[in-house]
file work26.cif (mmCIF, N, CA and C atoms)
data_protein
loop_
_atom_site.label_atom_id
_atom_site.label_comp_id
_atom_site.auth_asym_id
_atom_site.auth_seq_id
_atom_site.Cartn_x
_atom_site.Cartn_y
_atom_site.Cartn_z
N MET A 1 111.62 132.13 167.59
CA MET A 1 111.98 133.39 166.98
C MET A 1 111.89 134.47 168.06
N THR A 2 112.88 135.32 168.11
CA THR A 2 112.92 136.37 169.12
C THR A 2 111.96 137.50 168.76
N TRP A 3 111.71 138.37 169.72
CA TRP A 3 110.80 139.50 169.46
C TRP A 3 111.41 140.43 168.42
N LEU A 4 112.74 140.52 168.39
CA LEU A 4 113.40 141.35 167.39
C LEU A 4 113.19 140.76 165.99
N ASP A 5 113.34 139.44 165.86
CA ASP A 5 113.12 138.79 164.57
C ASP A 5 111.66 138.93 164.14
N SER A 6 110.74 138.88 165.11
CA SER A 6 109.32 139.05 164.78
C SER A 6 109.06 140.45 164.23
N GLY A 7 109.69 141.44 164.82
CA GLY A 7 109.56 142.81 164.34
C GLY A 7 110.16 142.99 162.96
N ILE A 8 111.33 142.39 162.77
CA ILE A 8 111.98 142.46 161.45
C ILE A 8 111.13 141.77 160.41
N ARG A 9 110.54 140.61 160.77
CA ARG A 9 109.67 139.88 159.84
C ARG A 9 108.49 140.76 159.42
N ALA A 10 107.83 141.39 160.41
CA ALA A 10 106.68 142.24 160.10
C ALA A 10 107.08 143.39 159.17
N LEU A 11 108.22 143.98 159.43
CA LEU A 11 108.71 145.09 158.62
C LEU A 11 109.03 144.63 157.19
N LEU A 12 109.73 143.49 157.06
CA LEU A 12 110.09 142.99 155.74
C LEU A 12 108.85 142.62 154.92
N LEU A 13 107.88 142.00 155.57
CA LEU A 13 106.66 141.61 154.85
C LEU A 13 105.83 142.83 154.46
N ALA A 14 105.77 143.83 155.34
CA ALA A 14 104.99 145.03 155.05
C ALA A 14 105.59 145.81 153.87
N GLN A 15 106.90 145.79 153.77
CA GLN A 15 107.56 146.52 152.68
C GLN A 15 107.63 145.73 151.38
N GLY A 16 107.27 144.46 151.42
CA GLY A 16 107.36 143.63 150.21
C GLY A 16 108.78 143.27 149.85
N THR A 17 109.64 143.22 150.85
CA THR A 17 111.06 142.96 150.61
C THR A 17 111.29 141.55 150.08
N ALA A 18 110.53 140.59 150.57
CA ALA A 18 110.73 139.20 150.14
C ALA A 18 110.46 139.07 148.63
N ALA A 19 109.39 139.70 148.17
CA ALA A 19 109.07 139.64 146.74
C ALA A 19 110.16 140.34 145.92
N ARG A 20 110.66 141.46 146.41
CA ARG A 20 111.73 142.18 145.70
C ARG A 20 113.00 141.33 145.66
N TRP A 21 113.35 140.70 146.79
CA TRP A 21 114.52 139.83 146.82
C TRP A 21 114.36 138.66 145.85
N LEU A 22 113.15 138.12 145.77
CA LEU A 22 112.91 137.01 144.86
C LEU A 22 113.09 137.44 143.41
N ARG A 23 112.57 138.61 143.05
CA ARG A 23 112.75 139.11 141.67
C ARG A 23 114.24 139.32 141.37
N GLU A 24 114.98 139.88 142.34
CA GLU A 24 116.41 140.10 142.14
C GLU A 24 117.14 138.77 141.96
N GLU A 25 116.78 137.78 142.75
CA GLU A 25 117.44 136.47 142.65
C GLU A 25 117.12 135.81 141.31
N LEU A 26 115.87 135.95 140.85
CA LEU A 26 115.50 135.40 139.54
C LEU A 26 116.29 136.08 138.42
N ASN A 27 116.51 137.38 138.54
CA ASN A 27 117.34 138.10 137.55
C ASN A 27 118.78 137.62 137.61
N THR A 28 119.29 137.38 138.82
CA THR A 28 120.65 136.89 138.98
C THR A 28 120.82 135.52 138.32
N LEU A 29 119.80 134.67 138.47
CA LEU A 29 119.84 133.33 137.88
C LEU A 29 119.48 133.32 136.40
N LYS A 30 119.19 134.51 135.86
CA LYS A 30 118.84 134.68 134.44
C LYS A 30 117.60 133.89 134.04
N VAL A 31 116.59 133.91 134.89
CA VAL A 31 115.31 133.29 134.58
C VAL A 31 114.55 134.26 133.70
N ARG A 32 114.23 133.85 132.48
CA ARG A 32 113.59 134.74 131.50
C ARG A 32 112.08 134.60 131.45
N ILE A 33 111.52 133.66 132.19
CA ILE A 33 110.07 133.48 132.23
C ILE A 33 109.48 134.59 133.08
N ARG A 34 108.47 135.26 132.54
CA ARG A 34 107.81 136.33 133.30
C ARG A 34 106.81 135.70 134.27
N LEU A 35 106.95 136.04 135.53
CA LEU A 35 106.05 135.54 136.57
C LEU A 35 105.08 136.64 136.97
N THR A 36 103.84 136.25 137.26
CA THR A 36 102.86 137.24 137.69
C THR A 36 103.18 137.69 139.10
N ASP A 37 102.62 138.84 139.48
CA ASP A 37 102.83 139.33 140.84
C ASP A 37 102.28 138.35 141.87
N GLY A 38 101.14 137.73 141.55
CA GLY A 38 100.55 136.75 142.47
C GLY A 38 101.46 135.56 142.70
N CYS A 39 102.10 135.09 141.64
CA CYS A 39 103.02 133.97 141.74
C CYS A 39 104.24 134.35 142.59
N ILE A 40 104.79 135.51 142.33
CA ILE A 40 105.94 135.99 143.10
C ILE A 40 105.58 136.10 144.58
N GLU A 41 104.42 136.68 144.86
CA GLU A 41 104.00 136.84 146.26
C GLU A 41 103.78 135.50 146.94
N GLU A 42 103.20 134.54 146.22
CA GLU A 42 102.98 133.23 146.83
C GLU A 42 104.31 132.50 147.08
N LEU A 43 105.24 132.62 146.15
CA LEU A 43 106.56 132.03 146.37
C LEU A 43 107.26 132.70 147.56
N ALA A 44 107.10 134.02 147.69
CA ALA A 44 107.69 134.74 148.83
C ALA A 44 107.04 134.31 150.14
N ARG A 45 105.72 134.08 150.14
CA ARG A 45 105.04 133.60 151.35
C ARG A 45 105.53 132.21 151.73
N GLU A 46 105.75 131.37 150.72
CA GLU A 46 106.27 130.02 150.99
C GLU A 46 107.67 130.11 151.60
N ALA A 47 108.49 131.03 151.11
CA ALA A 47 109.82 131.24 151.67
C ALA A 47 109.72 131.74 153.11
N ASP A 48 108.74 132.61 153.38
CA ASP A 48 108.51 133.10 154.74
C ASP A 48 108.14 131.96 155.67
N HIS A 49 107.23 131.07 155.23
CA HIS A 49 106.84 129.93 156.07
C HIS A 49 108.04 129.03 156.37
N ALA A 50 108.85 128.78 155.34
CA ALA A 50 110.04 127.94 155.53
C ALA A 50 111.04 128.60 156.47
N ALA A 51 111.20 129.91 156.36
CA ALA A 51 112.13 130.64 157.24
C ALA A 51 111.63 130.61 158.68
N ARG A 52 110.30 130.75 158.87
CA ARG A 52 109.76 130.67 160.23
C ARG A 52 109.94 129.27 160.82
N ARG A 53 109.74 128.23 160.00
CA ARG A 53 109.95 126.86 160.49
C ARG A 53 111.41 126.64 160.86
N ALA A 54 112.33 127.17 160.05
CA ALA A 54 113.76 127.03 160.33
C ALA A 54 114.13 127.79 161.60
N ALA A 55 113.55 128.96 161.80
CA ALA A 55 113.84 129.74 163.01
C ALA A 55 113.28 129.03 164.25
N ALA A 56 112.10 128.43 164.12
CA ALA A 56 111.50 127.72 165.24
C ALA A 56 112.30 126.47 165.58
N ALA A 57 112.91 125.84 164.57
CA ALA A 57 113.71 124.64 164.79
C ALA A 57 115.08 124.98 165.36
N GLY A 58 115.40 126.27 165.43
CA GLY A 58 116.68 126.69 165.99
C GLY A 58 117.84 126.58 165.02
N ASN A 59 117.56 126.62 163.74
CA ASN A 59 118.62 126.60 162.73
C ASN A 59 119.28 127.96 162.68
N GLY A 60 120.29 128.19 163.47
CA GLY A 60 121.01 129.44 163.63
C GLY A 60 120.80 130.49 162.56
N GLY A 61 121.00 131.70 162.94
CA GLY A 61 120.87 132.81 162.03
C GLY A 61 119.61 133.62 162.34
N SER A 62 119.63 134.84 161.86
CA SER A 62 118.48 135.72 162.07
C SER A 62 117.38 135.37 161.08
N TYR A 63 116.20 135.89 161.33
CA TYR A 63 115.08 135.65 160.43
C TYR A 63 115.41 136.16 159.03
N ALA A 64 116.03 137.33 158.93
CA ALA A 64 116.36 137.92 157.62
C ALA A 64 117.32 137.01 156.85
N GLU A 65 118.30 136.42 157.53
CA GLU A 65 119.24 135.51 156.87
C GLU A 65 118.53 134.24 156.40
N LEU A 66 117.65 133.71 157.26
CA LEU A 66 116.90 132.51 156.90
C LEU A 66 115.95 132.79 155.73
N LEU A 67 115.31 133.95 155.75
CA LEU A 67 114.41 134.32 154.66
C LEU A 67 115.18 134.44 153.36
N ARG A 68 116.32 135.08 153.43
CA ARG A 68 117.15 135.25 152.21
C ARG A 68 117.55 133.88 151.65
N ALA A 69 117.91 132.95 152.53
CA ALA A 69 118.29 131.61 152.08
C ALA A 69 117.10 130.90 151.44
N GLN A 70 115.92 131.06 152.00
CA GLN A 70 114.72 130.41 151.44
C GLN A 70 114.30 131.06 150.12
N ILE A 71 114.54 132.35 150.00
CA ILE A 71 114.27 133.04 148.72
C ILE A 71 115.16 132.45 147.63
N ILE A 72 116.41 132.19 147.96
CA ILE A 72 117.33 131.59 146.99
C ILE A 72 116.85 130.19 146.61
N VAL A 73 116.35 129.44 147.59
CA VAL A 73 115.81 128.10 147.29
C VAL A 73 114.63 128.20 146.34
N GLN A 74 113.71 129.14 146.59
CA GLN A 74 112.54 129.29 145.71
C GLN A 74 112.96 129.70 144.30
N ALA A 75 113.90 130.62 144.20
CA ALA A 75 114.37 131.06 142.87
C ALA A 75 115.05 129.91 142.14
N SER A 76 115.78 129.09 142.87
CA SER A 76 116.44 127.93 142.24
C SER A 76 115.41 126.94 141.73
N TRP A 77 114.30 126.77 142.47
CA TRP A 77 113.23 125.89 142.01
C TRP A 77 112.59 126.43 140.73
N VAL A 78 112.37 127.73 140.68
CA VAL A 78 111.78 128.32 139.47
C VAL A 78 112.72 128.08 138.29
N ARG A 79 114.00 128.30 138.47
CA ARG A 79 114.96 128.10 137.40
C ARG A 79 114.98 126.64 136.95
N ARG A 80 115.01 125.73 137.92
CA ARG A 80 115.03 124.30 137.60
C ARG A 80 113.75 123.89 136.87
N TRP A 81 112.61 124.39 137.33
CA TRP A 81 111.32 124.03 136.73
C TRP A 81 111.21 124.52 135.29
N THR A 82 111.69 125.73 135.04
CA THR A 82 111.50 126.33 133.72
C THR A 82 112.61 125.99 132.73
N THR A 83 113.70 125.38 133.18
CA THR A 83 114.80 125.07 132.25
C THR A 83 115.04 123.59 132.06
N THR A 84 114.48 122.74 132.92
CA THR A 84 114.69 121.30 132.78
C THR A 84 113.36 120.57 132.81
N ASP A 85 113.43 119.33 132.42
CA ASP A 85 112.25 118.47 132.43
C ASP A 85 112.41 117.38 133.49
N GLU A 86 113.23 117.66 134.50
CA GLU A 86 113.50 116.67 135.55
C GLU A 86 112.26 116.43 136.41
N LYS A 87 112.17 115.22 136.93
CA LYS A 87 111.09 114.91 137.85
C LYS A 87 111.41 115.52 139.21
N VAL A 88 110.37 115.94 139.90
CA VAL A 88 110.52 116.54 141.22
C VAL A 88 110.38 115.45 142.26
N PRO A 89 111.26 115.40 143.27
CA PRO A 89 111.16 114.34 144.28
C PRO A 89 109.83 114.40 145.04
N ALA A 90 109.19 113.25 145.15
CA ALA A 90 107.87 113.19 145.79
C ALA A 90 107.95 113.32 147.30
N GLY A 91 109.07 112.96 147.90
CA GLY A 91 109.18 112.99 149.35
C GLY A 91 109.61 114.33 149.94
N ASP A 92 109.92 115.29 149.12
CA ASP A 92 110.41 116.58 149.59
C ASP A 92 109.24 117.56 149.72
N PRO A 93 108.88 117.97 150.95
CA PRO A 93 107.73 118.87 151.11
C PRO A 93 107.96 120.25 150.49
N VAL A 94 109.18 120.74 150.48
CA VAL A 94 109.48 122.04 149.86
C VAL A 94 109.24 121.94 148.36
N ALA A 95 109.70 120.84 147.77
CA ALA A 95 109.51 120.63 146.33
C ALA A 95 108.03 120.51 145.99
N GLN A 96 107.28 119.78 146.80
CA GLN A 96 105.86 119.59 146.53
C GLN A 96 105.09 120.90 146.68
N ALA A 97 105.47 121.73 147.64
CA ALA A 97 104.83 123.05 147.77
C ALA A 97 105.11 123.89 146.54
N PHE A 98 106.36 123.82 146.03
CA PHE A 98 106.67 124.57 144.83
C PHE A 98 105.88 124.05 143.63
N VAL A 99 105.76 122.74 143.49
CA VAL A 99 105.02 122.15 142.37
C VAL A 99 103.56 122.60 142.40
N ARG A 100 102.98 122.66 143.59
CA ARG A 100 101.60 123.13 143.73
C ARG A 100 101.47 124.56 143.19
N ILE A 101 102.41 125.42 143.56
CA ILE A 101 102.39 126.81 143.08
C ILE A 101 102.63 126.86 141.58
N ALA A 102 103.58 126.07 141.09
CA ALA A 102 103.90 126.06 139.66
C ALA A 102 102.69 125.62 138.84
N HIS A 103 101.95 124.64 139.33
CA HIS A 103 100.76 124.20 138.61
C HIS A 103 99.66 125.25 138.69
N LYS A 104 99.53 125.87 139.85
CA LYS A 104 98.49 126.89 140.03
C LYS A 104 98.67 128.05 139.05
N TYR A 105 99.92 128.46 138.86
CA TYR A 105 100.20 129.60 137.98
C TYR A 105 100.67 129.17 136.59
N ALA A 106 100.58 127.89 136.29
CA ALA A 106 100.91 127.33 134.97
C ALA A 106 102.30 127.76 134.50
N LEU A 107 103.29 127.57 135.36
CA LEU A 107 104.66 127.88 134.95
C LEU A 107 105.08 126.88 133.87
N PRO A 108 105.66 127.37 132.78
CA PRO A 108 105.99 126.48 131.66
C PRO A 108 107.19 125.60 131.96
N ARG A 109 107.22 124.46 131.31
CA ARG A 109 108.36 123.54 131.39
C ARG A 109 108.81 123.22 129.98
N PRO A 110 110.11 123.01 129.78
CA PRO A 110 110.57 122.57 128.46
C PRO A 110 110.23 121.10 128.26
N TRP A 111 110.02 120.74 127.03
CA TRP A 111 109.72 119.34 126.72
C TRP A 111 110.93 118.72 126.07
N LYS A 112 111.31 117.55 126.56
CA LYS A 112 112.37 116.80 125.92
C LYS A 112 111.73 115.84 124.94
N LEU A 113 112.15 115.92 123.71
CA LEU A 113 111.66 115.01 122.70
C LEU A 113 112.60 113.83 122.61
N SER A 114 112.04 112.66 122.42
CA SER A 114 112.88 111.48 122.28
C SER A 114 113.56 111.51 120.93
N GLU A 115 114.60 110.73 120.81
CA GLU A 115 115.32 110.63 119.55
C GLU A 115 114.40 110.00 118.51
N PRO A 116 114.39 110.51 117.29
CA PRO A 116 113.53 109.91 116.27
C PRO A 116 114.00 108.50 115.93
N VAL A 117 113.04 107.60 115.78
CA VAL A 117 113.32 106.21 115.46
C VAL A 117 112.45 105.82 114.28
N ALA A 118 113.04 105.17 113.29
CA ALA A 118 112.29 104.70 112.13
C ALA A 118 111.51 103.45 112.51
N VAL A 119 110.23 103.46 112.20
CA VAL A 119 109.36 102.33 112.51
C VAL A 119 108.59 101.97 111.25
N GLU A 120 108.57 100.69 110.91
CA GLU A 120 107.84 100.25 109.74
C GLU A 120 106.36 100.16 110.10
N VAL A 121 105.54 100.76 109.26
CA VAL A 121 104.11 100.76 109.49
C VAL A 121 103.45 100.04 108.32
N VAL A 122 102.63 99.06 108.64
CA VAL A 122 101.91 98.33 107.61
C VAL A 122 100.57 99.03 107.41
N ARG A 123 100.33 99.46 106.17
CA ARG A 123 99.08 100.15 105.87
C ARG A 123 98.22 99.25 105.01
N LEU A 124 96.99 99.13 105.37
CA LEU A 124 96.06 98.36 104.58
C LEU A 124 95.56 99.21 103.43
N ARG A 125 95.35 98.56 102.30
CA ARG A 125 94.85 99.27 101.13
C ARG A 125 93.37 99.56 101.35
N PRO A 126 92.96 100.81 101.21
CA PRO A 126 91.55 101.11 101.47
C PRO A 126 90.64 100.47 100.43
N SER A 127 89.49 100.08 100.85
CA SER A 127 88.51 99.47 99.96
C SER A 127 87.39 100.47 99.72
N TRP A 128 87.16 100.76 98.47
CA TRP A 128 86.14 101.75 98.12
C TRP A 128 84.95 101.09 97.41
N SER A 129 84.72 99.84 97.69
CA SER A 129 83.67 99.12 96.97
C SER A 129 82.28 99.69 97.23
N TRP A 130 82.08 100.27 98.36
CA TRP A 130 80.76 100.84 98.65
C TRP A 130 80.43 101.97 97.70
N ALA A 131 81.41 102.70 97.22
CA ALA A 131 81.16 103.80 96.30
C ALA A 131 80.85 103.31 94.90
N ALA A 132 81.31 102.10 94.56
CA ALA A 132 81.08 101.56 93.21
C ALA A 132 79.62 101.19 93.01
N ASP A 133 78.87 100.93 94.07
CA ASP A 133 77.47 100.52 93.96
C ASP A 133 76.53 101.70 93.74
N LEU A 134 76.99 102.90 93.84
CA LEU A 134 76.13 104.07 93.66
C LEU A 134 75.96 104.32 92.17
N SER A 135 74.73 104.62 91.81
CA SER A 135 74.48 104.97 90.41
C SER A 135 74.20 106.46 90.33
N PRO A 136 74.78 107.12 89.34
CA PRO A 136 74.54 108.56 89.25
C PRO A 136 73.09 108.84 88.86
N GLN A 137 72.52 109.82 89.50
CA GLN A 137 71.14 110.22 89.18
C GLN A 137 71.17 111.61 88.59
N ALA A 138 70.27 111.84 87.71
CA ALA A 138 70.18 113.16 87.07
C ALA A 138 69.65 114.15 88.10
N ALA A 139 70.14 115.34 88.04
CA ALA A 139 69.70 116.37 88.97
C ALA A 139 68.26 116.75 88.67
N GLY A 140 67.46 116.87 89.68
CA GLY A 140 66.08 117.31 89.52
C GLY A 140 65.12 116.17 89.30
N HIS A 141 65.47 114.93 89.20
CA HIS A 141 64.55 113.81 88.98
C HIS A 141 64.22 113.13 90.26
#
call {"tool": "encode", "arguments": {"input": "work26.cif", "output": "structure tokens"}}
result
Amino acid sequence: MTWLDSGIRALLLAQGTAARWLREELNTLKVRIRLTDGCIEELAREADHAARRAAAAGNGGSYAELLRAQIIVQASWVRRWTTTDEKVPAGDPVAQAFVRIAHKYALPRPWKLSEPVAVEVVRLRPSWSWAADLSPQAAGH
């Protein structure tokens, strides 16, 4: 990362731009789940780490462009997590980092119910013989 990108990174983080971009992207994707400020900030930090790794690997583009792309990835994960019940790939480190954050902040997931199936249940007739052996006693004796 160049010294200019480092300066831009410091400025963007100080202003909270990543968190603002993430909220805007979530609105664009029509995510209706309310996220706490802590969750938004942690997702933005994860996007920052991914953008720095991409910049260090030489994946063309400025830090701001890479950060914006990673913000879109994080917002897409939030949308996918809150609207589907799909399994998250175990081998994807970005996905696993998101799952850790989602569990930490208890982001809700929809539940898919299976199709109802009729099943025959055999019920045993209850035996109440133990109650038949009781003899009523007069109160107070």
call {"tool": "resolve_selection", "arguments": {"input": "work26.cif", "expression": "the PyMOL selection byres ((chain A and resi 70-72) around 7)", "output": "ChimeraX atom specification"}}
result
/A:21-22,25,44,46-48,50-51,65-69,73-77
call {"tool": "atom_distance", "arguments": {"input": "work26.cif", "atom1": "atom CA of A:Trp81", "atom2": "atom C of A:Leu13"}}
result
26.4 Å
call {"tool": "atom_distance", "arguments": {"input": "work26.cif", "atom1": "atom CA of A:Pro89", "atom2": "atom N of A:Tyr105"}}
result
18.8 Å
call {"tool": "axis_aligned_box", "arguments": {"input": "work26.cif", "around": "stretch 57-63 of chain A", "padding_each_side": "8 Å", "output": "lines of an AutoDock Vina configuration file"}}
result
center_x = 117.0
center_y = 130.4
center_z = 162.5
size_x = 24.1
size_y = 27.5
size_z = 23.0
call {"tool": "resolve_selection", "arguments": {"input": "work26.cif", "expression": "the PyMOL selection byres (((chain A and resi 88 and name CA) around 12) and name CA)", "output": "PyMOL selection string"}}
result
chain A and resi 77-78+80-81+84-87+89-100+102
call {"tool": "write_last_selection", "arguments": {"input": "work26.cif", "atoms": "N, CA and C atoms", "output": "mmCIF file, keeping the file's coordinate frame"}}
result
data_model
loop_
_atom_site.group_PDB
_atom_site.id
_atom_site.type_symbol
_atom_site.label_atom_id
_atom_site.label_comp_id
_atom_site.auth_asym_id
_atom_site.auth_seq_id
_atom_site.Cartn_x
_atom_site.Cartn_y
_atom_site.Cartn_z
ATOM 1 N N TRP A 77 114.300 126.770 142.470
ATOM 2 C CA TRP A 77 113.230 125.890 142.010
ATOM 3 C C TRP A 77 112.590 126.430 140.730
ATOM 4 N N VAL A 78 112.370 127.730 140.680
ATOM 5 C CA VAL A 78 111.780 128.320 139.470
ATOM 6 C C VAL A 78 112.720 128.080 138.290
ATOM 7 N N ARG A 80 115.010 125.730 137.920
ATOM 8 C CA ARG A 80 115.030 124.300 137.600
ATOM 9 C C ARG A 80 113.750 123.890 136.870
ATOM 10 N N TRP A 81 112.610 124.390 137.330
ATOM 11 C CA TRP A 81 111.320 124.030 136.730
ATOM 12 C C TRP A 81 111.210 124.520 135.290
ATOM 13 N N THR A 84 114.480 122.740 132.920
ATOM 14 C CA THR A 84 114.690 121.300 132.780
ATOM 15 C C THR A 84 113.360 120.570 132.810
ATOM 16 N N ASP A 85 113.430 119.330 132.420
ATOM 17 C CA ASP A 85 112.250 118.470 132.430
ATOM 18 C C ASP A 85 112.410 117.380 133.490
ATOM 19 N N GLU A 86 113.230 117.660 134.500
ATOM 20 C CA GLU A 86 113.500 116.670 135.550
ATOM 21 C C GLU A 86 112.260 116.430 136.410
ATOM 22 N N LYS A 87 112.170 115.220 136.930
ATOM 23 C CA LYS A 87 111.090 114.910 137.850
ATOM 24 C C LYS A 87 111.410 115.520 139.210
ATOM 25 N N PRO A 89 111.260 115.400 143.270
ATOM 26 C CA PRO A 89 111.160 114.340 144.280
ATOM 27 C C PRO A 89 109.830 114.400 145.040
ATOM 28 N N ALA A 90 109.190 113.250 145.150
ATOM 29 C CA ALA A 90 107.870 113.190 145.790
ATOM 30 C C ALA A 90 107.950 113.320 147.300
ATOM 31 N N GLY A 91 109.070 112.960 147.900
ATOM 32 C CA GLY A 91 109.180 112.990 149.350
ATOM 33 C C GLY A 91 109.610 114.330 149.940
ATOM 34 N N ASP A 92 109.920 115.290 149.120
ATOM 35 C CA ASP A 92 110.410 116.580 149.590
ATOM 36 C C ASP A 92 109.240 117.560 149.720
ATOM 37 N N PRO A 93 108.880 117.970 150.950
ATOM 38 C CA PRO A 93 107.730 118.870 151.110
ATOM 39 C C PRO A 93 107.960 120.250 150.490
ATOM 40 N N VAL A 94 109.180 120.740 150.480
ATOM 41 C CA VAL A 94 109.480 122.040 149.860
ATOM 42 C C VAL A 94 109.240 121.940 148.360
ATOM 43 N N ALA A 95 109.700 120.840 147.770
ATOM 44 C CA ALA A 95 109.510 120.630 146.330
ATOM 45 C C ALA A 95 108.030 120.510 145.990
ATOM 46 N N GLN A 96 107.280 119.780 146.800
ATOM 47 C CA GLN A 96 105.860 119.590 146.530
ATOM 48 C C GLN A 96 105.090 120.900 146.680
ATOM 49 N N ALA A 97 105.470 121.730 147.640
ATOM 50 C CA ALA A 97 104.830 123.050 147.770
ATOM 51 C C ALA A 97 105.110 123.890 146.540
ATOM 52 N N PHE A 98 106.360 123.820 146.030
ATOM 53 C CA PHE A 98 106.670 124.570 144.830
ATOM 54 C C PHE A 98 105.880 124.050 143.630
ATOM 55 N N VAL A 99 105.760 122.740 143.490
ATOM 56 C CA VAL A 99 105.020 122.150 142.370
ATOM 57 C C VAL A 99 103.560 122.600 142.400
ATOM 58 N N ARG A 100 102.980 122.660 143.590
ATOM 59 C CA ARG A 100 101.600 123.130 143.730
ATOM 60 C C ARG A 100 101.470 124.560 143.190
ATOM 61 N N ALA A 102 103.580 126.070 141.090
ATOM 62 C CA ALA A 102 103.900 126.060 139.660
ATOM 63 C C ALA A 102 102.690 125.620 138.840
#
call {"tool": "atom_distance", "arguments": {"input": "work26.cif", "atom1": "atom C of A:Arg45", "atom2": "atom CA of A:Ala106"}}
result
18.1 Å
call {"tool": "closest_residue", "arguments": {"input": "work26.cif", "among": "A:Gly58, A:Tyr63, A:Leu26, A:Ile101", "to": "A:Cys39", "atoms": "only N, CA and C atoms"}}
result
A:Ile101
call {"tool": "select_by_dssp", "arguments": {"input": "work26.cif", "residues": "chain A", "states": "alpha helix (DSSP H)", "output": "ChimeraX atom specification"}}
result
/A:3-15,17-28,37-56,63-83,93-104,129-132
call {"tool": "closest_residue", "arguments": {"input": "work26.cif", "among": "A:Leu35, A:Leu43, A:Arg79, A:Gly7", "to": "A:Ala19", "atoms": "only N, CA and C atoms"}}
result
A:Leu43
call {"tool": "closest_residue", "arguments": {"input": "work26.cif", "among": "A:Ala10, A:Leu107, A:Ala56, A:Val119", "to": "A:Thr82", "atoms": "only N, CA and C atoms"}}
result
A:Leu107
